[in-house]
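Below is one structure, written out as structure tokens; the observations come after it.
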Amino acid sequence: MKIKRVLLSLCLSPIFLYGQDIQSPDGLLKVILKSESEKTTYVVTYKNKTMLEESPLGLESTIGDFSTGLTFLSESKKQIEENYYLPNGKTSRIHYLANELTVSYLNKNKDTLQVLFRVSNNDIALAYRLASPKQTHCTIKRELTGFNFPAHTTTFITPQAPSGEGWMKTKPSYEEEYTNEEPIGTPSKYRLGYTFPALFHLGNTGWVLLSETGVTSRYAGTRLSEGNQEGLYTIAFPEKEENGGMGDNTVTSNLPLITSWKTITVGETLKPIVETTSAYNGMKPVYTASQPYKPGRSTWSWILWQDESCNYKDQQIFIDLAAEMGYEYILIDALWDKQIGYENMPSLIAYAQSKGVDVILWYNSNGAWNDAPQGPKQRMDTAPARQKEMAWMKSLGVKGIKVDFFGGDKQTTMKLYEDILTDANQYGIFVVFHGTTLPRGWERMYPNHMGSEAALVSENLVFSQDFANKEAYTSTMLPFTRNAVSAMDFGPVFFNKRFSKQADKGTIRKTTDAFQLATSILYQSPVQHFGITPNNIQEQPEYVINFMKKIPTTWDETRFIDGYPGKYCVMARRFGSKWYIGATNASNSLQSYTLSLPWLTGKEVTVLFDHKDRSVGFKTAKIDKKGLLKIELENLGGCVIYSNE
């Protein structure tokens with residue numbers, strides 16, 4: 001096999017100096033580190049099959065080059081074990097067990113580079129630690145870290161968008177379409193590489209998901225470069241033009257410095273990809289929560305009623321809708337500062353609270369890095385303005401904010417994210433980010449972080465018929481990619497036939513009503529902004545509305561059942577003792593699937609399914625003695641299954 005040839009070449013090569021390896025606790029996943037006089041590389045195998053071929057390591061900095069001419073200093077191994085609680089995630093109680101390899105090198109200036117690999121079952125985390133006996137700080141110019149895939153690999157990855165492009169110069173914002181089984185090395189749409197997370201299919205060998213975690217104000221958000229024809233993707237830093245040109249596109253920090261962690265999730269099937277907790281493993285809270293932050297469901301007028309709905313009367317209507325549904329929140333979206341007015345907000349917020357509904361307020365992040373006109377503006381970009389605004393919100397009992405339009409991954413932008421989160425925590429306010437970067441471990445690192453967009457999400461159903469046509473396809477892509485590594489503010493569940501307030505205007509919904517219910521399970525975010533409108537209460541059967549009244553937004557467990565990116569997706573999530581299973585079908589024909597649900601063997605379940613007229617049907621079923629249940633999904637359809645005990 002190929003890996004045997006690689007290892008044999010390591011042993012026979014005349015320039016080979018030394019090598020280390022580290023494997024997962026179950027012994028199936030292995031990293032082989034190879035050091036030569038001019039380079040340091042690594043190989044990843046799973047069950048003795050090559051997942052990543054020889055891939056480069058190292059970085060370049062102002063205190064020297066740490067990619068070539070390194071002298072081996074030492075190595076150490078240890079086991080890491082932690083049990084932690086993630087209250088607002090896809091899995092609440094996590095046991096992390098990994099073996100760690102630390103290899104230390106000296107460069108020509110006698111400064112130290114440590115390469116760290118943490119290998120758990122199906123997950124690898126890779127980072128560098130820099131230290132110097134003489135220097136107090138340094139700038140990292142670039143990382144040389146690479147991921148070298150076998151030639152037969154295909155991709156499900158999103159291109160990096162050009163800086164200052166898009167609506168009102170708000171890109172990059174992680175809102176691009178995923179490739180679908182493109183061969184490695186295919187040029188990206190904008191020739192700027194790809195954003196995390198990135199999913200790779202190695203044919204019959206398995207799957208690899210690449211991502212990044214552990215990014216604070218001490219680092220930048222990175223991405224993948226253009227892949228070459230040999231299958232090598234390397235780490236790229238932000239473009240100079242990001243955030244309107246503000247800030248450097250390198251990383252400067254005091255020493256010792258630890259980089260972000262690059263994560264590599266490996267599996268023969270998609271199960272480890274969907275169920276991974278790699279973004280949170282080994283991360284530590286940056287600060288302590290000032291109070292418990294409550295997850296929940298939210299109504300949201302803007303998504304279908306748009307800008308003109310951000311007025312006092314319409315917000316009262318959606319507050320009443322939230323109260324009727326038993327939802328915790330209403331999101332009062334953009335333009336409230338002008339169309340409602342600061343002077344009227346105290347009475348509107350008090351009205352919501354009188355109905356048992358708390359308020360989330362939208363803000364524009366902008367200082368000077370885009371042309372988005374919506375307000376409130378200049379309230380989040382500086383500490384004095386931000387703290388004054390948050391003190392005002394706290395005095396009124398506002399519970400959360402949604403901050404929009406960031407447009408970059410530079411270290412200075414990561415500092416802005418951290419500053420907003422840190423200040424909000426001091427005032428007892430949770431944060432959702434929109435028009436934003438991928439959150440990199442932030443649900444654990446920042447306890448008031450309640451999710452981020454960082455995907456092509458439901459607002460595009462309103463803006464584009466093409467995206468509305470692909471709604472089912474999107475539901476079978478995001479659970480395996482973007483939503484696999486962090487909470488995603490998609491804004492799901494629509495029952496209107498058109499994505500509009502008017503029944504005869506707007507883009508047309510092509511999916512079934514049961515499909516819409518399934519997205520409340522497939523898309524995970526501790527605060528879910530649902531697209532339901534007041535008319536839906538009378539139009540939908542009672543069992544549909546009751547389901548939407550009870551659906552959780554946080555989960556104790558997540559399990560992959562079946563699926564394939566771009567084709568179909570079946571996922572199970574548990575809240576307490578109750579299981580919820582969502583399934584969607586992206587094809588244009590009726591599909592039948594036999595689901596394996598062994599933990600529910602013999603149990604009675606409720607099934608919300610597709611009628612031929614694309615409305616929601618209701619029935620009970622029993623999981624058979626083999627733990628199997630057969631379902632049928634209409635074209636662009638779906639179903640929901642939930643346990644009755």
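Numbering starts fresh at 1 for the residues of each chain in the structure tokens, the chains themselves are lettered A, B, ... in the order given, and ligands are numbered from 1 as they appear.
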Please report as CSV every residue of range 441-540 of chain A lying within 10 Å of range 614-626 of chain A, along with the nearest atom pair and their distance in Å (one decimal), using only C-alpha atoms.
residue,atom,partner,partner_atom,distance
A:Phe495,CA,A:Ser615,CA,9.7
A:Lys510,CA,A:Arg614,CA,9.7
A:Thr511,CA,A:Arg614,CA,8.0
A:Thr512,CA,A:Arg614,CA,4.9
A:Asp513,CA,A:Ser615,CA,5.5
A:Ala514,CA,A:Val616,CA,5.3
A:Phe515,CA,A:Val616,CA,9.0
A:Gln516,CA,A:Val616,CA,9.8
A:Leu517,CA,A:Val616,CA,9.1
A:Gln540,CA,A:Val616,CA,8.5
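Of the residues in range 429-464 of chain A, those given helix (DSSP H, G or I) by DSSP on the backbone are Trp442, Glu443, Arg444, Met445, Glu459, Asn460, Leu461, Val462 and Phe463 of chain A.
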Write the selection just made, keeping N, CA, C and O atoms, as an mmCIF file, in the first residue's frame?
data_model
loop_
_atom_site.group_PDB
_atom_site.id
_atom_site.type_symbol
_atom_site.label_atom_id
_atom_site.label_comp_id
_atom_site.auth_asym_id
_atom_site.auth_seq_id
_atom_site.Cartn_x
_atom_site.Cartn_y
_atom_site.Cartn_z
ATOM 1 N N TRP A 442 -15.613 29.523 19.135
ATOM 2 C CA TRP A 442 -16.062 30.625 19.969
ATOM 3 C C TRP A 442 -17.190 30.252 20.927
ATOM 4 O O TRP A 442 -17.352 30.894 21.963
ATOM 5 N N GLU A 443 -17.983 29.231 20.596
ATOM 6 C CA GLU A 443 -19.043 28.847 21.535
ATOM 7 C C GLU A 443 -18.483 28.407 22.879
ATOM 8 O O GLU A 443 -19.139 28.567 23.907
ATOM 9 N N ARG A 444 -17.282 27.871 22.866
ATOM 10 C CA ARG A 444 -16.656 27.487 24.135
ATOM 11 C C ARG A 444 -15.767 28.597 24.675
ATOM 12 O O ARG A 444 -15.686 28.800 25.891
ATOM 13 N N MET A 445 -15.096 29.306 23.799
ATOM 14 C CA MET A 445 -14.135 30.320 24.231
ATOM 15 C C MET A 445 -14.816 31.582 24.759
ATOM 16 O O MET A 445 -14.324 32.232 25.679
ATOM 17 N N GLU A 459 -31.750 34.615 3.853
ATOM 18 C CA GLU A 459 -32.061 35.895 3.216
ATOM 19 C C GLU A 459 -31.965 35.786 1.699
ATOM 20 O O GLU A 459 -32.666 36.497 0.960
ATOM 21 N N ASN A 460 -31.117 34.876 1.219
ATOM 22 C CA ASN A 460 -30.955 34.694 -0.218
ATOM 23 C C ASN A 460 -32.157 33.998 -0.858
ATOM 24 O O ASN A 460 -32.342 34.083 -2.075
ATOM 25 N N LEU A 461 -32.980 33.334 -0.051
ATOM 26 C CA LEU A 461 -34.234 32.786 -0.563
ATOM 27 C C LEU A 461 -35.149 33.914 -1.023
ATOM 28 O O LEU A 461 -35.920 33.761 -1.972
ATOM 29 N N VAL A 462 -35.073 35.038 -0.342
ATOM 30 C CA VAL A 462 -35.872 36.215 -0.680
ATOM 31 C C VAL A 462 -35.296 36.938 -1.894
ATOM 32 O O VAL A 462 -36.020 37.396 -2.776
ATOM 33 N N PHE A 463 -33.973 37.009 -1.961
ATOM 34 C CA PHE A 463 -33.313 37.827 -2.974
ATOM 35 C C PHE A 463 -33.132 37.123 -4.309
ATOM 36 O O PHE A 463 -32.937 37.778 -5.331
#
As JSON, numbers by chain, please: every residue in range 276-390 of chain A that DSSP puts in strand (DSSP E or B). {"A": [296, 297, 298, 299, 300, 329, 330, 331, 332, 358, 359, 360, 361, 362, 363, 364]}
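Minimum atom-to-atom distance to Pro373 in chain A, evaluated using only C-alpha atoms, belongs to A:Lys169 out of A:Arg93, A:Lys169, A:Arg440, A:Arg573.
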So that I can check the surroundings of range 282-295 of chain A, please list as a PyMOL selection string every protein, DNA and RNA residue that reaches within 9 Å of it, counting only C-alpha atoms and ignoring chain neighbours fewer than 3 positions away. chain A and resi 80-82+87-88+96+213-214+216+278-279+328+399+422+425-430+441-448+450+525-528+552-554
Show me, as a ChimeraX atom specification, the residues that have an atom within 10 Å of Ala583 in chain A when counting only C-alpha atoms, minus same-chain residues fewer than 6 positions from it. /A:475-476,514-515,517-519,521-522,561-563,568-572,593,609,631-633,637-641
Would you export the selected residues with C-alpha atoms as a compact mmCIF listing (two decimals), in the first residue's frame, please?
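part-v2.txt was written with the following content:
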# COMPACT_ATOMS: atom_id res chain seq x y z
CA SER A 475 -29.91 21.67 3.28
CA THR A 476 -27.89 18.65 2.18
CA ALA A 514 -42.30 18.89 5.96
CA PHE A 515 -38.94 19.86 4.47
CA LEU A 517 -39.86 21.44 9.60
CA ALA A 518 -36.80 19.24 9.05
CA THR A 519 -34.52 22.27 8.73
CA ILE A 521 -33.35 20.04 13.24
CA LEU A 522 -30.69 19.96 10.53
CA ILE A 561 -27.90 8.71 10.21
CA ASP A 562 -27.44 8.85 6.44
CA GLY A 563 -26.80 11.21 3.59
CA TYR A 568 -29.89 14.00 0.91
CA CYS A 569 -29.34 14.33 4.64
CA VAL A 570 -30.71 12.50 7.67
CA MET A 571 -29.61 13.58 11.13
CA ALA A 572 -30.74 12.79 14.68
CA TYR A 593 -34.77 5.40 2.59
CA PHE A 609 -44.26 13.54 6.36
CA ILE A 631 -39.48 6.71 5.00
CA GLU A 632 -40.43 8.34 1.73
CA LEU A 633 -39.50 11.88 0.80
CA GLY A 637 -39.18 17.19 0.39
CA GLY A 638 -38.49 16.07 3.90
CA CYS A 639 -39.80 14.57 7.08
CA VAL A 640 -39.50 14.80 10.83
CA ILE A 641 -39.48 11.87 13.23
Could you tell me how far CA of Glu177 in chain A sits from CA of Phe467 in chain A, in Å to one decimal place? 9.8 Å
Could you make a table, as JSON lines, of the residues of range 438-512 of chain A that have an atom within 8 Å of an atom of range 197-210 of chain A, each with its nearest atom pair and distance in Å to one decimal, counting only C-alpha atoms, in chain and number order?
{"residue": "A:Phe480", "atom": "CA", "partner": "A:Leu199", "partner_atom": "CA", "distance": 7.8}
{"residue": "A:Thr481", "atom": "CA", "partner": "A:Pro197", "partner_atom": "CA", "distance": 6.1}
{"residue": "A:Arg482", "atom": "CA", "partner": "A:Pro197", "partner_atom": "CA", "distance": 6.0}
{"residue": "A:Val485", "atom": "CA", "partner": "A:Pro197", "partner_atom": "CA", "distance": 7.4}
Hey, what's within 12 Å of Phe499 in chain A if we count only C-alpha atoms and toss same-chain stuff fewer than 3 positions away? As a PyMOL selection string, please? chain A and resi 302-306+458-465+467-469+471+492-496+502-511+531-533
Dump N, CA, C and O atoms for the selected residues as a compact mmCIF listing (two decimals), in the first residue's frame?
# COMPACT_ATOMS: atom_id res chain seq x y z
N TRP A 302 -38.22 40.91 9.57
CA TRP A 302 -37.47 41.40 8.41
C TRP A 302 -37.36 40.38 7.29
O TRP A 302 -37.42 40.73 6.11
N ILE A 303 -37.21 39.10 7.62
CA ILE A 303 -36.86 38.12 6.61
C ILE A 303 -37.90 38.06 5.49
O ILE A 303 -37.55 37.93 4.33
N LEU A 304 -39.19 38.17 5.81
CA LEU A 304 -40.21 38.14 4.76
C LEU A 304 -40.92 39.49 4.57
O LEU A 304 -41.36 39.81 3.47
N TRP A 305 -41.03 40.27 5.65
CA TRP A 305 -41.73 41.56 5.54
C TRP A 305 -40.76 42.69 5.22
O TRP A 305 -41.19 43.80 4.93
N GLN A 306 -39.47 42.42 5.29
CA GLN A 306 -38.39 43.30 4.84
C GLN A 306 -38.31 44.64 5.57
O GLN A 306 -38.90 44.80 6.65
N SER A 458 -30.73 32.08 4.63
CA SER A 458 -32.11 32.21 4.17
C SER A 458 -32.46 33.55 3.55
O SER A 458 -33.42 33.63 2.78
N GLU A 459 -31.75 34.62 3.85
CA GLU A 459 -32.06 35.89 3.22
C GLU A 459 -31.96 35.79 1.70
O GLU A 459 -32.67 36.50 0.96
N ASN A 460 -31.12 34.88 1.22
CA ASN A 460 -30.96 34.69 -0.22
C ASN A 460 -32.16 34.00 -0.86
O ASN A 460 -32.34 34.08 -2.08
N LEU A 461 -32.98 33.33 -0.05
CA LEU A 461 -34.23 32.79 -0.56
C LEU A 461 -35.15 33.91 -1.02
O LEU A 461 -35.92 33.76 -1.97
N VAL A 462 -35.07 35.04 -0.34
CA VAL A 462 -35.87 36.21 -0.68
C VAL A 462 -35.30 36.94 -1.89
O VAL A 462 -36.02 37.40 -2.78
N PHE A 463 -33.97 37.01 -1.96
CA PHE A 463 -33.31 37.83 -2.97
C PHE A 463 -33.13 37.12 -4.31
O PHE A 463 -32.94 37.78 -5.33
N SER A 464 -33.15 35.78 -4.33
CA SER A 464 -32.76 35.06 -5.54
C SER A 464 -33.64 33.83 -5.77
O SER A 464 -33.68 32.93 -4.92
N GLN A 465 -34.31 33.78 -6.91
CA GLN A 465 -35.08 32.58 -7.24
C GLN A 465 -34.16 31.38 -7.45
O GLN A 465 -34.53 30.24 -7.12
N PHE A 467 -31.44 30.70 -5.81
CA PHE A 467 -31.13 30.14 -4.50
C PHE A 467 -32.36 29.44 -3.92
O PHE A 467 -32.24 28.39 -3.28
N ALA A 468 -33.55 30.01 -4.15
CA ALA A 468 -34.78 29.35 -3.69
C ALA A 468 -34.94 27.99 -4.36
O ALA A 468 -35.39 27.02 -3.74
N ASN A 469 -34.58 27.91 -5.63
CA ASN A 469 -34.64 26.62 -6.34
C ASN A 469 -33.69 25.60 -5.72
O ASN A 469 -33.93 24.39 -5.80
N GLU A 471 -32.86 25.42 -2.49
CA GLU A 471 -33.01 25.37 -1.04
C GLU A 471 -32.80 23.96 -0.48
O GLU A 471 -32.12 23.78 0.54
N PRO A 492 -34.10 29.39 9.56
CA PRO A 492 -34.89 28.42 8.79
C PRO A 492 -36.40 28.49 9.07
O PRO A 492 -36.86 29.27 9.89
N VAL A 493 -37.14 27.65 8.37
CA VAL A 493 -38.56 27.32 8.53
C VAL A 493 -39.47 28.43 7.98
O VAL A 493 -39.72 29.45 8.62
N PHE A 494 -39.99 28.16 6.78
CA PHE A 494 -40.91 29.07 6.10
C PHE A 494 -42.12 28.26 5.63
O PHE A 494 -41.97 27.20 5.02
N PHE A 495 -43.30 28.78 5.87
CA PHE A 495 -44.52 28.13 5.39
C PHE A 495 -45.22 28.94 4.30
O PHE A 495 -46.10 28.41 3.62
N ASN A 496 -44.88 30.21 4.14
CA ASN A 496 -45.46 30.99 3.04
C ASN A 496 -45.04 30.37 1.71
O ASN A 496 -43.90 29.93 1.55
N GLN A 502 -46.48 39.29 0.68
CA GLN A 502 -47.61 39.17 -0.23
C GLN A 502 -47.67 37.77 -0.85
O GLN A 502 -46.64 37.23 -1.25
N ALA A 503 -48.86 37.23 -0.95
CA ALA A 503 -49.02 35.87 -1.49
C ALA A 503 -48.79 35.81 -2.99
O ALA A 503 -48.58 34.72 -3.54
N ASP A 504 -48.83 36.95 -3.69
CA ASP A 504 -48.70 36.96 -5.14
C ASP A 504 -47.42 37.63 -5.61
O ASP A 504 -47.27 37.96 -6.79
N LYS A 505 -46.47 37.86 -4.70
CA LYS A 505 -45.22 38.51 -5.06
C LYS A 505 -44.05 37.76 -4.45
O LYS A 505 -44.20 37.01 -3.49
N GLY A 506 -42.87 38.01 -4.99
CA GLY A 506 -41.67 37.44 -4.40
C GLY A 506 -41.25 36.11 -5.00
O GLY A 506 -41.95 35.53 -5.84
N THR A 507 -40.11 35.63 -4.57
CA THR A 507 -39.59 34.35 -5.05
C THR A 507 -40.48 33.21 -4.57
O THR A 507 -41.16 33.31 -3.54
N ILE A 508 -40.48 32.13 -5.31
CA ILE A 508 -41.40 31.01 -5.06
C ILE A 508 -40.68 29.90 -4.32
O ILE A 508 -39.59 29.48 -4.69
N ARG A 509 -41.30 29.41 -3.25
CA ARG A 509 -40.75 28.28 -2.50
C ARG A 509 -41.04 26.98 -3.23
O ARG A 509 -42.19 26.70 -3.59
N LYS A 510 -40.01 26.16 -3.42
CA LYS A 510 -40.16 24.89 -4.15
C LYS A 510 -40.21 23.68 -3.22
O LYS A 510 -40.58 22.59 -3.65
N THR A 511 -39.85 23.85 -1.98
CA THR A 511 -39.76 22.73 -1.04
C THR A 511 -41.11 22.47 -0.37
O THR A 511 -42.00 23.33 -0.35
N GLY A 531 -38.56 31.73 10.25
CA GLY A 531 -39.19 32.55 9.23
C GLY A 531 -40.70 32.46 9.20
O GLY A 531 -41.32 32.76 8.17
N ILE A 532 -41.33 32.07 10.29
CA ILE A 532 -42.79 31.97 10.31
C ILE A 532 -43.41 33.35 10.43
O ILE A 532 -42.79 34.29 10.95
N THR A 533 -44.63 33.47 9.94
CA THR A 533 -45.37 34.73 9.97
C THR A 533 -46.75 34.50 10.59
O THR A 533 -47.20 33.34 10.68
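Among the candidates A:Trp261, A:Trp300, A:Tyr523, A:Trp599, the one nearest to Val359 in chain A when counting only C-alpha atoms is A:Trp300.
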Mind giving me the straight-line distance from CA of Ser347 in chain A to CA of Met548 in chain A in Å, one decimal? 28.5 Å
